$ cat input26.tsv   # TSV, C-alpha atoms
chain	number	residue	atom	x	y	z
A	1	MET	CA	-132.52	47.48	9.57
A	2	MET	CA	-132.65	43.68	9.70
A	3	SER	CA	-136.39	43.79	10.43
A	4	GLY	CA	-137.06	45.90	7.32
A	5	THR	CA	-135.01	43.54	5.17
A	6	ASN	CA	-136.90	40.53	6.55
A	7	ASN	CA	-140.23	42.20	5.82
A	8	LEU	CA	-139.24	42.86	2.19
A	9	LYS	CA	-138.05	39.27	1.83
A	10	SER	CA	-141.27	37.96	3.34
A	11	ALA	CA	-143.39	40.07	1.00
A	12	ALA	CA	-141.40	38.87	-2.01
A	13	GLU	CA	-141.81	35.24	-0.94
A	14	MET	CA	-145.56	35.71	-0.48
A	15	MET	CA	-145.84	36.98	-4.05
A	16	MET	CA	-144.33	33.68	-5.23
A	17	CYS	CA	-147.25	31.69	-3.79
A	18	CYS	CA	-151.01	31.68	-4.27
A	19	ALA	CA	-152.56	33.92	-1.58
A	20	CYS	CA	-155.37	31.42	-1.09
A	21	CYS	CA	-154.02	27.85	-1.25
A	22	GLY	CA	-150.32	28.65	-0.87
A	23	ILE	CA	-149.15	26.69	-3.88
A	24	ALA	CA	-145.84	27.97	-5.28
A	25	GLU	CA	-145.39	29.20	-8.83
A	26	GLY	CA	-143.66	26.72	-11.13
A	27	ASP	CA	-143.27	25.71	-14.74
A	28	ASP	CA	-146.77	24.24	-14.80
A	29	ILE	CA	-148.36	26.77	-12.44
A	30	LYS	CA	-148.61	30.41	-13.46
A	31	LEU	CA	-149.84	32.90	-10.87
A	32	LYS	CA	-151.87	35.94	-11.85
A	33	THR	CA	-151.60	39.22	-9.91
A	34	CYS	CA	-154.64	40.99	-8.45
A	35	THR	CA	-155.17	43.84	-10.92
A	36	ALA	CA	-156.48	46.23	-8.26
A	37	CYS	CA	-153.85	46.12	-5.49
A	38	LYS	CA	-150.92	44.35	-7.18
A	39	SER	CA	-150.11	42.78	-3.78
A	40	ALA	CA	-151.60	39.29	-4.09
A	41	ARG	CA	-151.34	36.50	-6.65
A	42	TYR	CA	-153.58	33.53	-7.40
A	43	CYS	CA	-153.25	30.22	-9.20
A	44	SER	CA	-156.87	30.18	-10.39
A	45	VAL	CA	-160.06	32.19	-10.59
A	46	LYS	CA	-161.57	29.87	-7.94
A	47	CYS	CA	-158.80	30.69	-5.45
A	48	GLN	CA	-159.22	34.40	-6.13
A	49	LYS	CA	-162.98	34.20	-5.49
A	50	ASP	CA	-162.52	32.07	-2.35
A	51	HIS	CA	-159.95	34.51	-0.94
A	52	ARG	CA	-161.99	37.62	-1.80
A	53	PRO	CA	-163.74	37.99	1.60
A	54	LYS	CA	-160.38	38.03	3.44
A	55	HIS	CA	-158.59	40.11	0.81
A	56	LYS	CA	-161.25	42.72	0.06
A	57	GLY	CA	-160.40	45.22	2.82
A	58	ALA	CA	-156.64	45.21	2.28
A	59	CYS	CA	-157.12	45.21	-1.49
A	60	LYS	CA	-159.34	48.28	-1.43
A	61	LYS	CA	-156.92	50.14	0.86
A	62	ARG	CA	-153.84	49.32	-1.23
A	63	ALA	CA	-155.65	50.14	-4.49
A	64	ALA	CA	-156.52	53.59	-3.09
A	65	GLU	CA	-152.87	54.10	-2.07
A	66	LEU	CA	-151.67	53.18	-5.56
A	67	ARG	CA	-154.23	55.52	-7.10
A	68	ASP	CA	-153.07	58.40	-4.91
A	69	GLU	CA	-149.43	57.71	-5.78
A	70	LEU	CA	-150.35	58.11	-9.43
A	71	LEU	CA	-152.73	61.01	-8.90
A	72	PHE	CA	-150.39	63.13	-6.76
A	73	LYS	CA	-147.25	62.60	-8.83
A	74	GLN	CA	-145.91	65.89	-10.22
A	75	PRO	CA	-146.07	65.76	-14.05
A	76	GLU	CA	-142.91	66.80	-15.89
A	77	SER	CA	-144.90	69.33	-17.92
A	78	SER	CA	-148.44	70.38	-18.73
A	79	HIS	CA	-150.49	68.52	-21.33
A	80	PHE	CA	-149.99	71.45	-23.71
A	81	GLY	CA	-146.48	70.13	-24.28
A	82	ASP	CA	-143.84	71.84	-26.41
A	83	CYS	CA	-143.98	73.66	-29.71
A	84	PRO	CA	-142.80	71.08	-32.29
A	85	ILE	CA	-140.67	73.73	-34.03
A	86	CYS	CA	-138.71	75.46	-31.25
A	87	CYS	CA	-139.25	72.62	-28.72
A	88	LEU	CA	-140.09	75.10	-25.93
A	89	PRO	CA	-143.16	74.80	-23.66
A	90	LEU	CA	-146.41	76.22	-25.01
A	91	SER	CA	-148.29	78.85	-23.04
A	92	PHE	CA	-151.57	77.95	-21.31
A	93	GLU	CA	-153.24	80.82	-23.14
A	94	GLY	CA	-154.38	79.58	-26.53
A	95	LYS	CA	-154.17	83.04	-28.07
A	96	TYR	CA	-150.37	82.68	-28.09
A	97	SER	CA	-150.45	79.52	-30.23
A	98	THR	CA	-152.00	78.47	-33.53
A	99	MET	CA	-153.58	75.13	-34.39
A	100	MET	CA	-152.70	73.94	-37.88
A	101	ALA	CA	-155.66	72.25	-39.57
A	102	CYS	CA	-153.39	70.45	-42.03
A	103	CYS	CA	-151.39	68.47	-39.43
A	104	SER	CA	-153.20	69.16	-36.11
A	105	LYS	CA	-150.01	70.61	-34.64
A	106	MET	CA	-150.13	73.44	-32.11
A	107	ILE	CA	-147.41	75.91	-33.09
A	108	CYS	CA	-146.32	78.80	-30.87
A	109	ASP	CA	-146.95	82.21	-32.45
A	110	GLY	CA	-143.25	82.97	-32.28
A	111	CYS	CA	-142.53	80.18	-34.76
A	112	VAL	CA	-145.58	81.07	-36.87
A	113	TYR	CA	-144.39	84.68	-37.04
A	114	ALA	CA	-140.79	83.68	-37.89
A	115	ASN	CA	-142.07	81.37	-40.62
A	116	GLN	CA	-144.16	84.17	-42.12
A	117	MET	CA	-141.17	86.53	-42.09
A	118	ARG	CA	-139.02	83.92	-43.88
A	119	ASP	CA	-141.71	83.47	-46.52
A	120	VAL	CA	-141.93	87.23	-47.03
A	121	GLU	CA	-138.15	87.59	-47.29
A	122	GLY	CA	-138.07	84.69	-49.73
A	123	ASN	CA	-140.73	86.39	-51.88
A	124	LEU	CA	-143.01	83.39	-51.57
A	125	LEU	CA	-146.53	84.12	-52.75
A	126	GLN	CA	-148.17	81.71	-50.34
A	127	TYR	CA	-147.50	81.00	-46.67
A	128	LYS	CA	-146.98	77.38	-45.68
A	129	CYS	CA	-147.43	75.49	-42.44
A	130	PRO	CA	-144.25	75.81	-40.34
A	131	PHE	CA	-144.40	72.10	-39.52
A	132	CYS	CA	-145.60	70.13	-42.53
A	133	ARG	CA	-145.14	72.91	-45.15
A	134	HIS	CA	-148.66	72.40	-46.45
A	135	PRO	CA	-150.38	75.53	-47.84
A	136	PRO	CA	-153.03	76.96	-45.48
A	137	PRO	CA	-156.71	76.22	-46.25
A	138	LYS	CA	-158.35	78.78	-48.51
A	139	SER	CA	-161.73	78.57	-46.78
A	140	GLN	CA	-163.46	77.26	-43.66
A	141	GLU	CA	-164.86	74.41	-45.73
A	142	GLU	CA	-161.37	73.35	-46.76
A	143	SER	CA	-160.17	73.62	-43.16
A	144	ASP	CA	-163.07	71.42	-42.02
A	145	MET	CA	-162.20	68.85	-44.69
A	146	GLN	CA	-158.57	68.73	-43.54
A	147	ILE	CA	-159.62	68.25	-39.92
A	148	MET	CA	-162.06	65.49	-40.90
A	149	LYS	CA	-159.31	63.76	-42.88
A	150	ARG	CA	-157.06	63.84	-39.81
A	151	ALA	CA	-159.92	62.55	-37.65
A	152	GLN	CA	-160.48	59.62	-39.98
A	153	ALA	CA	-156.82	58.75	-39.40
A	154	ASN	CA	-157.57	58.64	-35.64
A	155	ASP	CA	-155.82	61.91	-34.84
A	156	PRO	CA	-157.12	62.68	-31.30
A	157	VAL	CA	-156.62	66.44	-31.64
A	158	ALA	CA	-158.63	66.56	-34.85
A	159	ILE	CA	-161.37	64.42	-33.28
A	160	SER	CA	-161.48	66.79	-30.32
A	161	LEU	CA	-161.85	69.75	-32.70
A	162	ILE	CA	-164.87	68.07	-34.31
A	163	ALA	CA	-166.32	67.50	-30.82
A	164	LEU	CA	-165.87	71.20	-30.06
A	165	LYS	CA	-167.72	72.12	-33.23
A	166	ARG	CA	-170.58	69.74	-32.36
A	167	ASN	CA	-170.75	71.30	-28.90
A	168	ASP	CA	-170.92	74.83	-30.38
A	169	GLU	CA	-173.75	73.66	-32.63
A	170	GLY	CA	-175.67	72.41	-29.59
A	171	ASN	CA	-175.23	68.78	-30.62
A	172	TYR	CA	-174.10	67.62	-27.17
A	173	GLU	CA	-174.63	63.94	-27.91
A	174	GLY	CA	-172.30	64.19	-30.90
A	175	ALA	CA	-169.81	66.22	-28.86
A	176	VAL	CA	-169.69	63.56	-26.13
A	177	GLU	CA	-169.20	60.83	-28.73
A	178	TYR	CA	-166.21	62.58	-30.32
A	179	TYR	CA	-164.71	63.78	-27.01
A	180	THR	CA	-164.94	60.23	-25.66
A	181	LYS	CA	-163.15	58.82	-28.70
A	182	ALA	CA	-160.44	61.50	-28.48
A	183	ALA	CA	-160.00	60.81	-24.76
A	184	GLU	CA	-159.65	57.08	-25.41
A	185	LEU	CA	-156.88	57.95	-27.87
A	186	GLY	CA	-155.08	59.91	-25.15
A	187	ASP	CA	-156.23	63.51	-25.64
A	188	ILE	CA	-156.03	65.12	-22.18
A	189	ALA	CA	-158.05	68.20	-23.15
A	190	SER	CA	-160.95	65.94	-24.12
A	191	HIS	CA	-160.94	64.33	-20.67
A	192	TYR	CA	-161.20	67.78	-19.10
A	193	LEU	CA	-163.99	68.90	-21.45
A	194	LEU	CA	-165.91	65.69	-20.78
A	195	SER	CA	-165.71	66.46	-17.05
A	196	THR	CA	-167.33	69.85	-17.66
A	197	MET	CA	-170.09	68.24	-19.71
A	198	TYR	CA	-170.82	65.67	-17.01
A	199	GLN	CA	-170.81	68.45	-14.43
A	200	GLY	CA	-173.30	70.51	-16.42
A	201	GLY	CA	-175.53	67.58	-17.29
A	202	LEU	CA	-174.84	67.92	-21.02
A	203	CYS	CA	-174.29	64.15	-21.20
A	204	GLY	CA	-177.83	63.53	-19.95
A	205	GLU	CA	-178.12	63.70	-16.18
A	206	LYS	CA	-175.33	65.16	-14.07
A	207	ASN	CA	-172.84	62.47	-13.17
A	208	LYS	CA	-170.36	63.35	-10.41
A	209	LYS	CA	-168.60	60.00	-10.62
A	210	MET	CA	-167.82	60.42	-14.33
A	211	GLU	CA	-166.95	64.07	-13.78
A	212	VAL	CA	-164.30	63.18	-11.20
A	213	TYR	CA	-163.09	60.23	-13.30
A	214	HIS	CA	-162.31	62.49	-16.27
A	215	LEU	CA	-160.88	65.22	-14.02
A	216	GLU	CA	-158.45	62.72	-12.53
A	217	LYS	CA	-157.50	61.36	-15.96
A	218	ALA	CA	-156.80	64.90	-17.17
A	219	ALA	CA	-154.88	65.82	-14.02
A	220	ILE	CA	-152.65	62.74	-14.22
A	221	GLY	CA	-151.94	63.65	-17.85
A	222	GLY	CA	-150.72	67.12	-16.90
A	223	GLY	CA	-153.94	69.12	-17.22
A	224	PRO	CA	-153.62	72.18	-14.91
A	225	PHE	CA	-157.27	73.24	-15.17
A	226	ALA	CA	-158.50	69.78	-14.20
A	227	ARG	CA	-155.94	69.63	-11.39
A	228	HIS	CA	-157.15	72.97	-10.01
A	229	ASN	CA	-160.79	71.86	-10.16
A	230	LEU	CA	-159.95	68.66	-8.29
A	231	GLY	CA	-158.45	70.85	-5.56
A	232	VAL	CA	-161.67	72.84	-5.37
A	233	LYS	CA	-163.70	69.63	-5.05
A	234	GLU	CA	-161.44	68.25	-2.32
A	235	HIS	CA	-161.74	71.52	-0.40
A	236	GLU	CA	-165.53	71.45	-0.72
A	237	ASN	CA	-165.48	67.87	0.60
A	238	GLY	CA	-163.60	68.95	3.72
A	239	ARG	CA	-160.18	67.63	2.70
A	240	PRO	CA	-158.01	70.76	2.49
A	241	ASP	CA	-154.76	68.78	2.76
A	242	ARG	CA	-155.50	66.97	-0.51
A	243	ALA	CA	-156.78	70.19	-2.09
A	244	VAL	CA	-153.51	71.98	-1.34
A	245	ILE	CA	-151.49	69.21	-3.00
A	246	HIS	CA	-153.55	69.57	-6.19
A	247	TRP	CA	-153.13	73.35	-6.23
A	248	ILE	CA	-149.38	73.13	-5.62
A	249	ILE	CA	-148.97	70.66	-8.51
A	250	ALA	CA	-150.97	72.90	-10.87
A	251	ALA	CA	-149.08	76.01	-9.75
A	252	LYS	CA	-145.73	74.30	-10.40
A	253	LEU	CA	-146.93	73.62	-13.94
A	254	GLY	CA	-147.31	77.39	-14.35
A	255	TYR	CA	-151.05	77.87	-13.75
A	256	ASP	CA	-151.58	81.38	-12.34
A	257	GLU	CA	-154.97	80.68	-10.74
A	258	SER	CA	-153.55	77.83	-8.67
A	259	MET	CA	-150.58	79.98	-7.65
A	260	LYS	CA	-153.00	82.59	-6.33
A	261	THR	CA	-154.87	79.89	-4.41
A	262	VAL	CA	-151.64	78.53	-2.92
A	263	LYS	CA	-150.72	82.07	-1.84
A	264	GLU	CA	-154.10	82.41	-0.14
A	265	GLY	CA	-153.56	79.03	1.51
A	266	PHE	CA	-150.21	80.24	2.83
A	267	LYS	CA	-151.88	83.29	4.38
A	268	ARG	CA	-154.43	81.03	6.07
A	269	GLY	CA	-151.82	78.60	7.37
A	270	LEU	CA	-152.76	75.74	5.04
A	271	VAL	CA	-149.42	75.89	3.18
A	272	SER	CA	-146.04	75.90	4.91
A	273	LYS	CA	-143.45	78.60	4.22
A	274	GLU	CA	-141.12	76.05	2.61
A	275	ASP	CA	-143.82	74.64	0.32
A	276	PHE	CA	-144.97	78.13	-0.66
A	277	ALA	CA	-141.42	79.24	-1.52
A	278	ALA	CA	-140.73	76.09	-3.55
A	279	THR	CA	-144.04	76.42	-5.40
A	280	LEU	CA	-143.41	80.09	-6.16
A	281	ARG	CA	-139.99	79.32	-7.65
A	282	ALA	CA	-141.29	76.40	-9.73
A	283	HIS	CA	-144.26	78.45	-10.98
A	284	GLN	CA	-142.03	81.31	-12.10
A	285	ALA	CA	-139.65	78.92	-13.82
A	286	ALA	CA	-142.54	77.27	-15.69
A	287	VAL	CA	-143.91	80.66	-16.81
A	288	ASP	CA	-140.48	81.94	-17.87
A	289	ALA	CA	-139.90	78.78	-19.93
A	290	THR	CA	-142.77	79.78	-22.24
A	291	LYS	CA	-141.30	83.22	-22.96
A	292	THR	CA	-138.88	83.88	-25.81
A	293	ALA	CA	-137.80	86.98	-27.71
A	294	GLN	CA	-139.39	85.52	-30.85
A	295	ARG	CA	-142.76	85.03	-29.13
A	296	GLU	CA	-142.63	88.54	-27.66
A	297	GLU	CA	-141.89	89.92	-31.13
A	298	ALA	CA	-144.93	88.08	-32.48
A	299	GLU	CA	-147.10	89.49	-29.67
A	300	ALA	CA	-145.81	93.01	-30.38
A	301	GLY	CA	-146.67	92.54	-34.04
A	302	ARG	CA	-150.20	91.42	-33.12
A	303	ARG	CA	-150.75	94.52	-30.98
A	304	VAL	CA	-149.67	96.77	-33.87
A	305	MET	CA	-152.13	95.04	-36.18
$ encode --input "input26.tsv" --output "structure tokens"
Amino acid sequence: MMSGTNNLKSAAEMMMCCACCGIAEGDDIKLKTCTACKSARYCSVKCQKDHRPKHKGACKKRAAELRDELLFKQPESSHFGDCPICCLPLSFEGKYSTMMACCSKMICDGCVYANQMRDVEGNLLQYKCPFCRHPPPKSQEESDMQIMKRAQANDPVAISLIALKRNDEGNYEGAVEYYTKAAELGDIASHYLLSTMYQGGLCGEKNKKMEVYHLEKAAIGGGPFARHNLGVKEHENGRPDRAVIHWIIAAKLGYDESMKTVKEGFKRGLVSKEDFAATLRAHQAAVDATKTAQREEAEAGRRVM
């Protein structure tokens, strides 16, 4: 126990001095931390450059460890998030939610249906958005104008919708431009879609490095599809242990395809009984959290129509 305490104390003391010349931090000397590994500090750019040959190996190793800590952390929820009306998790299947062009909010169909019923009971002649209460667009042109207005205000969801339209039109250069901007603003779906474009060579030549970069960004942000695809890539690269971790994380978010893959991994001995049981419980809990009587009523109404 004493040895561990001494090691922590020694590491803390080392961070108070320049890793190259050993000078201690003071009022007139400010040390800057290595941005890659966070485990060394320097008093100047010269010291950092001089120490680079000795530090490079340990820096690269620690940076990879930090990256894995971030990459393999279980997200609290998927990037789909919650319905802003009922505050319950949205389903992975887009057909159970509706995107509002007026405010770029994804509303679960249960809340959309309940809002419509209230408007009917209130004898309102025109439905309004459940979130912002704006009347729905009367045409596709009006919808496009509303989305463009949101995009000009740097709404990442609206920008991503424009990218999707450019992609459907075959304007891949324009799609990449808008997806990239949306991703920079934090849109996880855009990171995932950029990965598919780099994989298919729609951004010019195929670029595996950029594909994996955007997959990892999307996975860290709670993207289950990106997480599953990273598992597939790790398995293809002969690293099944890392692949299994990705699939377990995605399955716990509620992604059915990953749950099936984890089940297959359990049959083949790649997943322990304890991990399989825990993943199965978490997956079911995540799926159940997206189900409500109101959403089921909306789905029943859709089937009748």
$ residues_around --input "input26.tsv" --residues "Leu90 (chain A)" --least-positions-apart "6" --cutoff "7 Å" --atoms "all atoms listed in the file" --output "MDAnalysis selection string"
chainID A and resid 80:83 108 290
$ closest_residue --input "input26.tsv" --among "A:Arg67, A:Arg41, A:Arg295, A:Lys32" --to "Met14 (chain A)" --atoms "only C-alpha atoms"
A:Arg41
$ closest_residue --input "input26.tsv" --among "A:Ala278, A:Leu71, A:Cys59, A:Ile29" --to "Lys217 (chain A)" --atoms "only C-alpha atoms"
A:Leu71
$ closest_residue --input "input26.tsv" --among "A:Cys86, A:Phe266, A:Leu194, A:Asp256" --to "Val244 (chain A)" --atoms "all atoms listed in the file"
A:Phe266
$ atom_distance --input "input26.tsv" --atom1 "CA of Asn207 (chain A)" --atom2 "CA of Tyr178 (chain A)"
18.4 Å
$ atom_distance --input "input26.tsv" --atom1 "CA of Pro84 (chain A)" --atom2 "CA of Met106 (chain A)"
7.7 Å
$ residues_around --input "input26.tsv" --residues "region 115-125 of chain A" --least-positions-apart "4" --cutoff "12 Å" --atoms "only C-alpha atoms" --output "VMD selection string"
chain A and resid 85 to 86 107 to 111 129 to 133 135 to 136 294 297 to 298 301
$ closest_residue --input "input26.tsv" --among "A:Asp50, A:Asp241, A:Glu169, A:Asp68" --to "Ser272 (chain A)" --atoms "only C-alpha atoms"
A:Asp241
$ closest_residue --input "input26.tsv" --among "A:Pro53, A:Asn229, A:Gly186, A:Pro224" --to "Phe92 (chain A)" --atoms "only C-alpha atoms"
A:Pro224
$ closest_residue --input "input26.tsv" --among "A:Thr292, A:Asn237, A:Gln126, A:Gln284" --to "Met259 (chain A)" --atoms "all atoms listed in the file"
A:Gln284
